[in-house]
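Here is the file entry_1.txt (compact mmCIF, C-alpha atoms).
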# COMPACT_ATOMS: atom_id res chain seq x y z
CA MET A 90 -10.34 -16.12 -12.24
CA LYS A 91 -7.72 -17.71 -14.39
CA ASN A 92 -4.21 -16.32 -14.00
CA LEU A 93 -5.37 -13.94 -11.29
CA PRO A 94 -2.88 -13.79 -8.40
CA ARG A 95 -4.14 -15.00 -5.07
CA PRO A 96 -5.07 -12.25 -2.61
CA ASP A 97 -3.26 -12.53 0.69
CA LEU A 98 -6.40 -11.90 2.73
CA ASN A 99 -8.36 -14.81 4.12
CA ALA A 100 -10.90 -15.75 1.44
CA LYS A 101 -13.75 -15.52 3.96
CA ILE A 102 -13.16 -11.80 4.52
CA ILE A 103 -12.51 -10.67 0.94
CA PRO A 104 -15.38 -8.26 0.24
CA LYS A 105 -17.46 -9.09 -2.79
CA GLU A 106 -16.59 -5.70 -4.32
CA ILE A 107 -12.89 -6.61 -4.54
CA LYS A 108 -13.77 -9.80 -6.38
CA ALA A 109 -16.06 -7.92 -8.78
CA ALA A 110 -13.44 -5.24 -9.50
CA PHE A 111 -10.72 -7.81 -10.13
CA GLU A 112 -13.03 -9.80 -12.40
CA LEU A 113 -13.22 -6.78 -14.72
CA ILE A 114 -9.47 -6.92 -15.33
CA SER A 115 -8.75 -10.63 -14.83
CA GLU A 116 -7.37 -11.13 -18.34
CA PRO A 117 -4.94 -8.15 -18.46
CA LEU A 118 -3.97 -8.76 -14.84
CA GLY A 119 -3.07 -12.31 -15.77
CA ILE A 120 -0.82 -10.90 -18.50
CA VAL A 121 0.75 -8.56 -15.95
CA GLU A 122 1.46 -11.55 -13.71
CA GLU A 123 3.22 -13.39 -16.53
CA ARG A 124 5.28 -10.32 -17.39
CA ILE A 125 6.35 -9.85 -13.79
CA ARG A 126 7.73 -13.39 -13.93
CA ALA A 127 9.36 -12.56 -17.26
CA GLN A 128 11.07 -9.54 -15.68
CA ALA A 129 12.63 -11.83 -13.10
CA ARG A 130 14.04 -13.90 -15.95
CA ALA A 131 15.52 -10.73 -17.46
CA PHE A 132 18.05 -10.57 -14.63
CA ASP A 133 21.32 -12.47 -14.55
CA PRO A 134 20.62 -16.16 -13.78
CA ALA A 135 22.46 -15.77 -10.48
CA VAL A 136 19.96 -13.07 -9.44
CA GLU A 137 16.75 -14.32 -11.07
CA SER A 138 15.55 -16.58 -8.25
CA TYR A 139 15.88 -13.79 -5.68
CA VAL A 140 13.82 -11.36 -7.78
CA ALA A 141 11.21 -14.04 -8.50
CA TYR A 142 10.82 -14.77 -4.78
CA ALA A 143 10.43 -11.09 -3.90
CA CYS A 144 7.80 -10.58 -6.61
CA GLU A 145 5.83 -13.69 -5.68
CA SER A 146 5.53 -12.59 -2.05
CA SER A 147 4.62 -8.94 -2.67
CA GLY A 148 0.87 -9.35 -2.27
CA LYS A 149 -2.46 -8.76 -3.94
CA ARG A 150 -1.29 -6.87 -7.06
CA LEU A 151 -3.44 -3.95 -5.92
CA ARG A 152 -1.31 -1.28 -7.60
CA PRO A 153 -1.36 -3.03 -10.99
CA ALA A 154 -5.12 -3.47 -10.57
CA LEU A 155 -5.53 0.26 -9.95
CA THR A 156 -3.47 1.01 -13.06
CA LEU A 157 -5.67 -1.23 -15.22
CA LEU A 158 -8.98 -0.03 -13.76
CA SER A 159 -7.91 3.58 -14.25
CA ALA A 160 -7.01 2.81 -17.86
CA GLY A 161 -10.34 1.12 -18.45
CA ALA A 162 -12.18 4.07 -16.94
CA THR A 163 -10.46 6.58 -19.23
CA GLY A 164 -10.54 4.96 -22.66
CA GLY A 165 -9.29 1.40 -22.51
CA ILE A 166 -6.43 -0.88 -21.46
CA GLY A 167 -3.52 -0.91 -23.90
CA GLU A 168 -0.11 -2.51 -24.11
CA GLN A 169 1.56 0.39 -22.32
CA HIS A 170 -0.82 0.03 -19.40
CA ILE A 171 0.35 -3.55 -18.98
CA ASP A 172 3.95 -2.29 -18.88
CA LEU A 173 3.02 0.42 -16.39
CA ALA A 174 1.27 -2.09 -14.14
CA VAL A 175 4.40 -4.27 -14.11
CA ILE A 176 6.54 -1.27 -13.16
CA MET A 177 4.19 -0.31 -10.32
CA GLU A 178 4.41 -3.81 -8.86
CA LEU A 179 8.21 -3.99 -9.19
CA ILE A 180 8.55 -0.72 -7.28
CA HIS A 181 6.16 -1.93 -4.61
CA ALA A 182 7.99 -5.26 -4.27
CA ALA A 183 11.32 -3.43 -3.94
CA THR A 184 9.95 -1.24 -1.13
CA LEU A 185 8.74 -4.32 0.73
CA VAL A 186 12.19 -5.90 0.58
CA HIS A 187 13.68 -2.77 2.11
CA ASP A 188 10.83 -2.40 4.64
CA ASP A 189 11.45 -5.89 5.99
CA ILE A 190 15.13 -5.13 6.47
CA ILE A 191 14.34 -1.90 8.33
CA ASP A 192 11.79 -3.65 10.55
CA GLY A 193 13.87 -6.77 11.09
CA ALA A 194 10.86 -8.77 9.92
CA ASP A 195 11.18 -12.53 9.55
CA LEU A 196 7.77 -13.15 8.00
CA ARG A 197 5.63 -11.42 5.41
CA ARG A 198 2.24 -12.94 4.66
CA ASN A 199 3.32 -16.04 6.58
CA GLN A 200 6.36 -16.57 4.32
CA PRO A 201 10.04 -15.95 5.21
CA THR A 202 11.20 -12.49 4.15
CA ALA A 203 14.16 -12.05 1.83
CA ASN A 204 16.34 -10.86 4.71
CA ALA A 205 15.34 -13.88 6.81
CA LYS A 206 16.35 -16.20 3.97
CA TRP A 207 19.49 -14.51 2.68
CA GLY A 208 20.53 -11.79 5.13
CA ASN A 209 20.39 -8.01 5.07
CA THR A 210 23.35 -7.41 2.75
CA LEU A 211 21.98 -9.40 -0.14
CA SER A 212 18.44 -8.11 0.47
CA VAL A 213 19.49 -4.45 0.36
CA LEU A 214 21.11 -5.07 -3.00
CA LEU A 215 18.07 -7.03 -4.18
CA GLY A 216 15.74 -4.12 -3.41
CA ASP A 217 18.14 -1.68 -5.08
CA CYS A 218 18.33 -3.89 -8.16
CA MET A 219 14.54 -4.09 -8.46
CA PHE A 220 14.15 -0.32 -8.06
CA ALA A 221 16.76 0.32 -10.75
CA HIS A 222 15.15 -2.18 -13.12
CA ALA A 223 11.71 -0.60 -12.67
CA LEU A 224 13.08 2.87 -13.39
CA LYS A 225 14.88 1.53 -16.45
CA LEU A 226 11.62 0.08 -17.75
CA SER A 227 9.91 3.44 -17.23
CA THR A 228 12.14 5.05 -19.86
CA GLN A 229 10.40 3.10 -22.62
CA PHE A 230 7.34 5.36 -22.69
CA ASN A 231 7.23 7.93 -25.48
CA ASN A 232 5.87 10.52 -23.07
CA GLY A 233 8.78 11.50 -20.85
CA GLU A 234 6.35 12.78 -18.20
CA ILE A 235 5.42 9.20 -17.39
CA ALA A 236 8.98 8.31 -16.39
CA ARG A 237 9.33 11.53 -14.41
CA HIS A 238 6.13 10.80 -12.48
CA ILE A 239 7.30 7.25 -11.72
CA ALA A 240 10.67 8.50 -10.50
CA GLN A 241 8.98 11.16 -8.35
CA ALA A 242 6.62 8.63 -6.78
CA SER A 243 9.55 6.30 -6.06
CA ALA A 244 11.44 9.12 -4.39
CA GLU A 245 8.40 10.01 -2.27
CA VAL A 246 7.97 6.41 -1.13
CA CYS A 247 11.60 6.22 -0.01
CA SER A 248 11.50 9.66 1.59
CA GLY A 249 8.38 8.73 3.52
CA GLU A 250 10.11 5.65 4.87
CA ILE A 251 13.11 7.73 5.92
CA ILE A 252 10.90 10.22 7.78
CA GLN A 253 8.94 7.44 9.46
CA THR A 254 12.19 5.83 10.61
CA GLN A 255 13.43 9.19 11.92
CA ARG A 256 10.23 9.70 13.90
CA ARG A 257 10.03 6.31 15.63
CA PHE A 258 9.30 6.71 19.35
CA ASP A 259 8.86 10.45 18.72
CA PHE A 260 5.93 11.47 20.89
CA ASP A 261 5.94 14.96 19.39
CA LEU A 262 4.67 13.42 16.14
CA SER A 263 1.42 15.15 15.23
CA VAL A 264 -1.53 13.73 13.32
CA ALA A 265 -0.58 16.06 10.46
CA ASP A 266 2.96 14.60 10.50
CA TYR A 267 1.49 11.10 10.39
CA PHE A 268 -0.62 11.92 7.34
CA LYS A 269 2.36 13.44 5.57
CA ILE A 270 4.34 10.25 6.14
CA ILE A 271 1.67 7.83 4.95
CA GLU A 272 0.78 9.95 1.92
CA MET A 273 4.42 9.71 0.88
CA LYS A 274 5.23 6.12 1.75
CA THR A 275 1.96 4.49 0.66
CA ALA A 276 -0.48 6.81 -1.09
CA ALA A 277 2.03 8.29 -3.56
CA LEU A 278 2.32 4.99 -5.45
CA PHE A 279 -1.47 4.50 -5.46
CA ALA A 280 -1.87 8.00 -6.91
CA ALA A 281 0.81 7.39 -9.54
CA ALA A 282 -0.88 4.16 -10.63
CA THR A 283 -4.27 5.78 -11.13
CA GLU A 284 -3.09 9.09 -12.59
CA LEU A 285 -0.63 7.55 -15.03
CA GLY A 286 -3.20 5.03 -16.20
CA ALA A 287 -5.23 8.04 -17.33
CA MET A 288 -2.26 9.97 -18.71
CA LEU A 289 -1.32 7.09 -21.02
CA ASN A 290 -4.81 7.42 -22.52
CA GLU A 291 -4.20 11.15 -23.01
CA SER A 292 -7.18 11.90 -20.79
CA THR A 293 -8.23 15.43 -19.94
CA PRO A 294 -6.23 17.13 -17.19
CA GLU A 295 -9.41 17.13 -15.08
CA ALA A 296 -9.79 13.35 -15.33
CA ALA A 297 -6.10 12.75 -14.59
CA ALA A 298 -6.26 15.08 -11.57
CA ALA A 299 -9.41 13.35 -10.32
CA LEU A 300 -7.77 9.94 -10.56
CA HIS A 301 -4.69 11.27 -8.77
CA ALA A 302 -6.90 12.55 -5.94
CA TYR A 303 -8.75 9.25 -5.87
CA GLY A 304 -5.52 7.25 -5.60
CA LEU A 305 -4.08 9.51 -2.91
CA LYS A 306 -7.18 9.27 -0.73
CA LEU A 307 -7.62 5.53 -1.27
CA GLY A 308 -3.95 4.91 -0.52
CA THR A 309 -4.11 6.99 2.66
CA ALA A 310 -7.23 5.17 3.83
CA TYR A 311 -5.66 1.82 2.99
CA GLN A 312 -2.64 2.62 5.17
CA ILE A 313 -4.93 3.58 8.04
CA TYR A 314 -6.69 0.23 7.56
CA ASP A 315 -3.32 -1.53 7.76
CA ASP A 316 -2.49 0.41 10.91
CA CYS A 317 -5.83 -0.56 12.46
CA LEU A 318 -5.18 -4.18 11.46
CA ASP A 319 -2.01 -4.08 13.56
CA ILE A 320 -4.08 -2.98 16.53
CA ALA A 321 -7.37 -4.83 16.12
CA GLY A 322 -6.88 -7.60 13.60
CA GLU A 323 -6.38 -11.31 14.01
CA GLU A 324 -2.81 -12.58 13.90
CA SER A 325 -3.69 -15.42 11.54
CA LYS A 326 -5.04 -12.91 9.01
CA ALA A 327 -2.54 -10.12 9.62
CA GLY A 328 0.36 -12.51 9.00
CA LYS A 329 2.31 -10.94 11.86
CA SER A 330 2.11 -10.42 15.61
CA LEU A 331 -0.36 -7.74 16.64
CA GLY A 332 1.21 -4.57 17.97
CA SER A 333 4.36 -5.12 15.94
CA ASP A 334 4.25 -1.54 14.61
CA LEU A 335 3.83 -0.22 18.12
CA SER A 336 6.71 -2.30 19.47
CA LYS A 337 8.94 -0.76 16.79
CA GLY A 338 7.93 2.77 17.75
CA LYS A 339 5.68 3.45 14.75
CA LEU A 340 3.05 5.79 16.11
CA THR A 341 0.01 5.14 13.94
CA LEU A 342 -3.28 7.03 13.86
CA PRO A 343 -5.16 5.02 16.53
CA VAL A 344 -2.24 5.42 18.94
CA LEU A 345 -1.76 9.12 18.19
CA LEU A 346 -5.46 9.74 18.83
CA LEU A 347 -5.22 7.80 22.09
CA LEU A 348 -2.26 9.88 23.30
CA ARG A 349 -3.73 13.17 22.14
CA ASN A 350 -7.02 12.69 24.02
CA ALA A 351 -5.74 10.93 27.15
CA SER A 352 -5.28 12.57 30.53
CA LYS A 353 -1.74 13.54 31.47
CA THR A 354 -1.52 10.54 33.77
CA ASP A 355 -2.74 8.07 31.17
CA CYS A 356 -0.64 9.64 28.43
CA ALA A 357 2.47 9.24 30.58
CA ARG A 358 1.50 5.63 31.29
CA TRP A 359 0.99 4.75 27.62
CA THR A 360 4.20 6.53 26.66
CA ARG A 361 6.19 4.51 29.20
CA ALA A 362 4.58 1.30 27.97
CA ILE A 363 5.52 2.02 24.36
CA LEU A 364 9.08 3.01 25.22
CA SER A 365 9.66 -0.04 27.41
CA GLY A 366 7.91 -2.48 25.10
CA GLN A 367 5.97 -3.76 28.10
CA GLU A 368 2.21 -3.62 28.61
CA VAL A 369 1.79 -3.00 24.89
CA SER A 370 -1.37 -5.09 25.04
CA ASP A 371 -2.77 -2.52 27.50
CA VAL A 372 -2.12 0.25 24.96
CA ILE A 373 -3.90 -1.78 22.29
CA THR A 374 -6.87 -2.34 24.60
CA ALA A 375 -6.98 1.37 25.43
CA THR A 376 -7.18 2.37 21.75
CA ARG A 377 -10.40 0.38 21.57
CA SER A 378 -11.98 1.38 24.88
CA SER A 379 -11.13 5.08 24.48
CA GLY A 380 -12.70 5.38 21.05
CA ALA A 381 -9.35 6.15 19.36
CA LEU A 382 -9.65 3.10 17.10
CA ALA A 383 -13.22 4.02 16.16
CA SER A 384 -12.10 7.59 15.37
CA ALA A 385 -9.31 6.31 13.11
CA ILE A 386 -11.79 4.06 11.31
CA SER A 387 -14.15 7.00 10.85
CA THR A 388 -11.34 9.14 9.43
CA ALA A 389 -10.44 6.47 6.90
CA SER A 390 -14.09 6.02 5.93
CA GLY A 391 -14.34 9.74 5.28
CA LEU A 392 -11.33 9.60 2.98
CA LEU A 393 -12.87 6.70 1.08
CA LYS A 394 -16.07 8.69 0.59
CA GLU A 395 -14.01 11.59 -0.79
CA ALA A 396 -12.17 9.20 -3.11
CA VAL A 397 -15.48 8.00 -4.56
CA GLU A 398 -16.65 11.59 -4.99
CA ALA A 399 -13.45 12.49 -6.83
CA LEU A 400 -14.43 10.07 -9.60
CA GLU A 401 -17.59 12.00 -10.49
CA VAL A 402 -15.80 13.74 -13.40
CA VAL A 403 -14.81 10.35 -14.87
CA PRO A 404 -17.35 8.82 -17.32
CA ALA A 405 -19.69 6.25 -15.80
CA THR A 406 -18.44 2.80 -16.87
CA PRO A 407 -18.03 -0.59 -15.18
CA PHE A 408 -14.37 0.36 -14.63
CA ARG A 409 -15.31 3.50 -12.72
CA THR A 410 -17.68 1.35 -10.70
CA GLY A 411 -14.77 -1.02 -10.07
CA LEU A 412 -12.66 1.83 -8.70
CA GLN A 413 -15.54 2.93 -6.49
CA ASP A 414 -16.07 -0.66 -5.35
CA LEU A 415 -12.47 -0.87 -4.16
CA CYS A 416 -13.26 1.97 -1.77
CA LYS A 417 -16.33 0.10 -0.56
CA SER A 418 -14.15 -2.95 -0.05
CA VAL A 419 -11.63 -1.15 2.13
CA ASP A 420 -14.48 0.45 4.07
CA ARG A 421 -16.00 -2.97 4.65
CA LEU A 422 -12.63 -4.28 5.91
CA LEU A 423 -12.37 -1.29 8.26
CA LYS A 424 -15.85 -1.85 9.64
CA GLN A 425 -14.89 -5.35 10.80
CA PHE A 426 -12.91 -3.63 13.56
CA ALA A 427 -15.78 -1.41 14.69
Would you put the structure from the file into structure tokens?
Amino acid sequence: MKNLPRPDLNAKIIPKEIKAAFELISEPLGIVEERIRAQARAFDPAVESYVAYACESSGKRLRPALTLLSAGATGGIGEQHIDLAVIMELIHAATLVHDDIIDGADLRRNQPTANAKWGNTLSVLLGDCMFAHALKLSTQFNNGEIARHIAQASAEVCSGEIIQTQRRFDFDLSVADYFKIIEMKTAALFAAATELGAMLNESTPEAAAALHAYGLKLGTAYQIYDDCLDIAGEESKAGKSLGSDLSKGKLTLPVLLLLRNASKTDCARWTRAILSGQEVSDVITATRSSGALASAISTASGLLKEAVEALEVVPATPFRTGLQDLCKSVDRLLKQFA
């Protein structure tokens, strides 16, 4: 796939459906990649290299891919969809810069993070600069609703991160609270990518709403997958130490289900382990043996099924199939933990 950015997953575990979906949009996605690099060059020369590094390390280009597939499914991929895809990736890259500062992360996808290379002060400003640039680019659309939706999604992502940070080591966090957080911090940008791809094609309100629902459910399931990866993945493929979320007090779905269904004695034991940062491996083992991990996987699979069903109002095309195949891909990745 010429010009297609390299996925950050080990090639041996990339489901065939992901490859097929990305093949559909390989040409416009290659253009998106070039324009992301061009945006880095739009900054002052003293800043350009920092922006370029942050964009290069931001991942699989999944949000731009969702934008382009949504566009293809609702009438075709135009010039404005390319611009929208670039904006989606810039926002995502900015959030990752800030996330790494918050988490004190030294590595992302086996590469040094911006804060590890240049310190927190510069990295905070780098993330701010990228956010501001993305929002500036969003003002170019003739339809002012597009810019408003992008700004709203950006605000939700940041708000979700704030709430998650507030609720670290908070054992009163409910499953409903968890879903609220991940819908804001992860799924909101997925939903914006898919809905706005349709809105730029002036699709029917029903189609735009369906694609919004699809993106929200896929994004939520994808975050659950990422949370399961932290518990049950392989360090070489996760690109980080397992249990790193848990050690930072992020209570993810498998852990919440473990605590909710454990006896009082076991719940107290797991709570002490998480607070102390010791015996975290025992907590991880317990999520598997108790069925909590399997329950989280089942929940995510259910969301993916609902995402596929949401697309029924969208005309049957290879692009709709591509969107459905992305759900199958995430489900296949989840099932590797079962």
(message) Using all atoms listed in the file for the distances, tell me which of A:Ala385, A:Cys144, A:Ala297, A:Val372 is nearest to Ala282 of chain A.
(response) A:Ala297
Dump as a tab-separated table the rows for residues of segment 291-366 of chain A within 10 Å of segment 153-165 of chain A: closest atom pair and distance in Å with one decimal, only C-alpha atoms counted, ordered by chain and rising residue number.
residue	atom	partner	partner_atom	distance
A:Glu291	CA	A:Thr163	CA	8.6
A:Ser292	CA	A:Thr163	CA	6.4
A:Thr293	CA	A:Thr163	CA	9.2
A:Ala296	CA	A:Thr163	CA	7.8
A:Ala297	CA	A:Thr163	CA	8.9
A:Leu300	CA	A:Ser159	CA	7.4
A:His301	CA	A:Ser159	CA	10.0
A:Gly304	CA	A:Leu155	CA	8.2
(message) Which residues are close to Cys356 of chain A, i.e. within 12 Å by all atoms listed in the file, leaving aside same-chain residues fewer than 5 positions away? Reply as a PyMOL selection string.
(response) chain A and resi 260+344-351+361-363+372+375-376
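Each of A:Ala143, A:Cys247, A:Ala276, A:Ile252 was checked against Cys218 of chain A using only C-alpha atoms; the smallest atom-to-atom distance is that of A:Ala143.
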(message) Using Å and a single decimal, report how far atom CA of Ala383 of chain A sits from atom CA of Leu422 of chain A.
(response) 13.2 Å
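Closest to Tyr139 of chain A among A:Lys206, A:Lys353, A:Arg197, A:His181 is A:Lys206, based on all atoms listed in the file.
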(request) Report the distance between atom CA of Met273 of chain A and atom CA of Asp188 of chain A in Å, rounded to one decimal place. (result) 14.2 Å
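Remark: for Gly411 of chain A, the closest of the candidate residues A:Ala194, A:Tyr314, A:Phe230, A:Leu113 is A:Leu113 (distances computed over all atoms listed in the file).
The residue that comes closest to Ser333 of chain A, out of A:Arg358, A:Asp192, A:Arg377, A:Lys306 and on the basis of all atoms listed in the file, is A:Asp192.
Atom CA of Lys105 of chain A is positioned 23.3 Å from atom CA of Glu178 of chain A.
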(request) May I ask which of the residues A:Ile320, A:Ala131, A:Ile190, A:Val369 is the closest one to Ala381 of chain A, counting all atoms listed in the file? (result) A:Ile320
(message) I'd like the neighbourhood of segment 198-204 of chain A as an NGL selection string, where a residue qualifies if any of its atoms comes within 8 Å (using only C-alpha atoms), though same-chain residues fewer than 3 positions away should be ignored.
(response) :A and (97 or 139 or 142-143 or 146 or 148 or 186 or 189-190 or 193-195 or 207-209 or 211-212 or 327-329)
